[in-house]
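Chemist: Structure below; questions to follow.
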Amino acid sequence: MSGRLANKKVLLLGAGSVGDGIGNGRAMAILFAREGAEIVGVDLNRGAAEETARLVREEGRDMVVLSGDVTDPADLARIIDAAEKALGRIDILVNNVGGSIPGGPEEITGEQWDAQFRFNVDYVHHSTRILAPRMAKQGGGAIVNISSIAGVRHLGHDLAAYAASKAALQQYTKVASVRYAPQNVRMNTVIPGLMFTPLVTVRLAAQQAGGDAEALIAKRHSKPPMGRMGDAWDVAYAALYLASDEAKYVTGAEIMVDGGLSNSVR
Ligand SMILES: NC(=O)c1ccc[n+]([C@@H]2O[C@H](COP(=O)([O-])OP(=O)(O)OC[C@H]3O[C@@H](n4cnc5c(N)ncnc54)[C@H](O)[C@@H]3O)[C@@H](O)[C@H]2O)c1
């Protein structure tokens, strides 16, 4: 352990994984714990977060698990208070919950549109408005938001509501970072590209490839200029930097973790 997050107290929203293996939230929990953080990991699916806690314990560390729905503002407030009670204070907040519903302007219903915004950006506003002032009172803190390359460019298939809600998340992070900069509360965004996480086989194969996971995996590997998808560790290492004091002068920034895809025409 090199202690890049020694003595840091972390609230990680979305600490489980949609399937077996290592998703972004799970990788962040393991890596942050390895670097010395004390973590409360939250998930709608308690079993998924318990599995993350088991992997954290394999690192010789611990993670407190809370279950709840971050998209319900009352439940989110309860979760934050419970996490603060468990940890004593919160230095780092990671907003990792999110995901996509496919469809373009004609397919996405009003209900789906609203649901995508609740899932990808509204709860980030609610967690920020509760925790940023508390971090400011403590002398500082760090908020790391997990966006998507869909918020930056079209990916070859329609994701109108996901793209719009992730773009909103990115701009929200930038403008809110200005508000809290004088109080040393830093807000930054990681923008993953096409990552090979359990999400690809569990959800995206059905949504985008009629259940043909192999075909979808091959297609996703072929798109980034680096010739392959990234993985959850790539996301976690970028988040680790932004969460740590190594990034003490970095706020309102975005780290693109996409193997060059955002700069390519593919
Ligand atoms: N995997 C990729 O290719 C990829 C690419 C770009 C961006 N992202 C972004 O990464 C983030 C998640 O990545 P992941 O690999 O951890 O995904 P994941 O779906 O495996 O894990 C997210 C966790 O959040 C939990 N969750 C869902 N709704 C919740 C709610 N309302 N309250 C509390 N918990 C809830 C799920 O149960 C799950 O365990 C998302 O914001 C997603 O948009 C992923």
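So you can find residues: chains in the structure tokens are A, B, ... in the order shown, residues in each start at 1, and ligands are numbered from 1 in order.
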Just list as an MDAnalysis selection string whatever in range 212-249 of chain A DSSP marks as helix (DSSP H, G or I).

Modeler: chainID A and resid 213:222 232:243 245:247

Chemist: Please provide as a PDB file with C-alpha atoms, in the first residue's frame all residues within 7 Å of range 220-224 of chain A, with the sequence filter that same-chain residues fewer than 6 positions apart are discarded (counting only C-alpha atoms).

Modeler:
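Below is the file that was written, selection.pdb:
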ATOM      1  CA  LEU A 194     -15.757   2.143 -24.239  1.00  0.00           C
ATOM      2  CA  GLY A 259      -7.936   5.168 -25.781  1.00  0.00           C
ATOM      3  CA  GLY A 260      -8.170   8.194 -28.083  1.00  0.00           C
ATOM      4  CA  LEU A 261     -11.764   7.617 -29.207  1.00  0.00           C
ATOM      5  CA  ARG A 266     -14.401   6.258 -36.108  1.00  0.00           C
TER       6      ARG A 266
END

Chemist: Measuring atom to atom with only C-alpha atoms and all ligand atoms, identify which of A:Leu131, A:Ala37, A:Leu240, A:Met256 is nearest to ligand 1.

Modeler: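 Under the stated criterion, the closest residue is A:Met256.
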
Chemist: Pick from A:Leu5, A:Ala15, A:Met28, A:Ala181: nearest to Val250 in chain A, with only C-alpha atoms counted?

Modeler: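 Using only C-alpha atoms, Val250 in chain A sits closest to A:Ala181.
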
Chemist: Pick out the residues no farther than 7 Å from ligand 1, counting only C-alpha atoms and all ligand atoms, and list them as a VMD selection string.

Modeler: chain A and resid 13 to 19 23 to 26 42 to 45 48 to 49 68 to 71 96 to 100 119 to 120 146 to 149 191 to 200 232

Chemist: Could you work out how far CA of Pro182 in chain A lies from CA of Ala136 in chain A, giving the answer in Å with one decimal?

Modeler: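 These two atoms are separated by 9.0 Å.
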
Chemist: Between A:Asn7, A:Thr251, A:Ser67, A:Gln112, which is the closest to Gln183 in chain A once you count only C-alpha atoms?

Modeler: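 Checking each of A:Asn7, A:Thr251, A:Ser67, A:Gln112 against Gln183 in chain A, counting only C-alpha atoms, the winner is A:Thr251.
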
Chemist: Mind checking which residues fall within 10 Å of Arg61 in chain A, counting only C-alpha atoms, ignoring those fewer than 6 positions away in the same chain, and posting them as a PDB file with N, CA and C atoms, in the first residue's frame?

Modeler:
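Below is the file that was written, result.pdb:
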ATOM      1  N   ILE A  30     -11.860  -1.086  -4.526  1.00  0.00           N
ATOM      2  CA  ILE A  30     -10.675  -1.906  -4.249  1.00  0.00           C
ATOM      3  C   ILE A  30      -9.412  -1.039  -4.265  1.00  0.00           C
ATOM      4  N   ALA A  33      -9.289   1.531  -1.342  1.00  0.00           N
ATOM      5  CA  ALA A  33      -8.995   0.841  -0.080  1.00  0.00           C
ATOM      6  C   ALA A  33      -7.515   0.465  -0.019  1.00  0.00           C
ATOM      7  N   ARG A  34      -7.008  -0.024  -1.144  1.00  0.00           N
ATOM      8  CA  ARG A  34      -5.591  -0.407  -1.216  1.00  0.00           C
ATOM      9  C   ARG A  34      -4.692   0.794  -0.910  1.00  0.00           C
ATOM     10  N   GLU A  35      -5.173   1.982  -1.268  1.00  0.00           N
ATOM     11  CA  GLU A  35      -4.385   3.209  -1.049  1.00  0.00           C
ATOM     12  C   GLU A  35      -4.678   3.862   0.300  1.00  0.00           C
ATOM     13  N   GLY A  36      -5.400   3.125   1.159  1.00  0.00           N
ATOM     14  CA  GLY A  36      -5.512   3.577   2.549  1.00  0.00           C
ATOM     15  C   GLY A  36      -6.809   4.250   2.935  1.00  0.00           C
ATOM     16  N   ALA A  37      -7.776   4.352   2.010  1.00  0.00           N
ATOM     17  CA  ALA A  37      -9.032   5.040   2.325  1.00  0.00           C
ATOM     18  C   ALA A  37      -9.938   4.172   3.193  1.00  0.00           C
ATOM     19  N   GLU A  38     -10.766   4.854   3.993  1.00  0.00           N
ATOM     20  CA  GLU A  38     -11.881   4.188   4.673  1.00  0.00           C
ATOM     21  C   GLU A  38     -13.127   4.484   3.865  1.00  0.00           C
ATOM     22  N   ILE A  39     -13.894   3.452   3.528  1.00  0.00           N
ATOM     23  CA  ILE A  39     -14.954   3.621   2.527  1.00  0.00           C
ATOM     24  C   ILE A  39     -16.316   3.169   3.050  1.00  0.00           C
ATOM     25  N   ALA A  53     -17.319  -5.551  -0.974  1.00  0.00           N
ATOM     26  CA  ALA A  53     -16.714  -5.521   0.366  1.00  0.00           C
ATOM     27  C   ALA A  53     -15.844  -6.761   0.602  1.00  0.00           C
ATOM     28  N   ARG A  54     -16.312  -7.891   0.069  1.00  0.00           N
ATOM     29  CA  ARG A  54     -15.523  -9.129   0.214  1.00  0.00           C
ATOM     30  C   ARG A  54     -14.166  -8.987  -0.492  1.00  0.00           C
ATOM     31  N   LEU A  55     -14.194  -8.390  -1.684  1.00  0.00           N
ATOM     32  CA  LEU A  55     -12.946  -8.191  -2.437  1.00  0.00           C
ATOM     33  C   LEU A  55     -12.037  -7.178  -1.734  1.00  0.00           C
TER      34      LEU A  55
END

Chemist: Which of these residues is nearest to Leu159 in chain A, using only C-alpha atoms: A:Gly104, A:Lys137, A:Gln208, A:Lys174?

Modeler: A:Gly104

Chemist: Could you pull the residues within 8 Å of Glu254 in chain A, counting only C-alpha atoms, minus those fewer than 3 positions along the same chain, as a ChimeraX atom specification?

Modeler: /A:188-191

Chemist: Can you pull out every residue from range 102-201 of chain A that DSSP, working from the backbone, puts in strand (DSSP E or B), and format the result as a list of chain:residue names?

Modeler: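 Assigned to strand (DSSP E or B), within range 102-201 of chain A: A:Gly103, A:Gly141, A:Ala142, A:Ile143, A:Val144, A:Asn145, A:Ile146, A:Leu159, A:Val185, A:Arg186, A:Met187, A:Asn188, A:Thr189, A:Val190, A:Ile191, A:Pro192, A:Met195.
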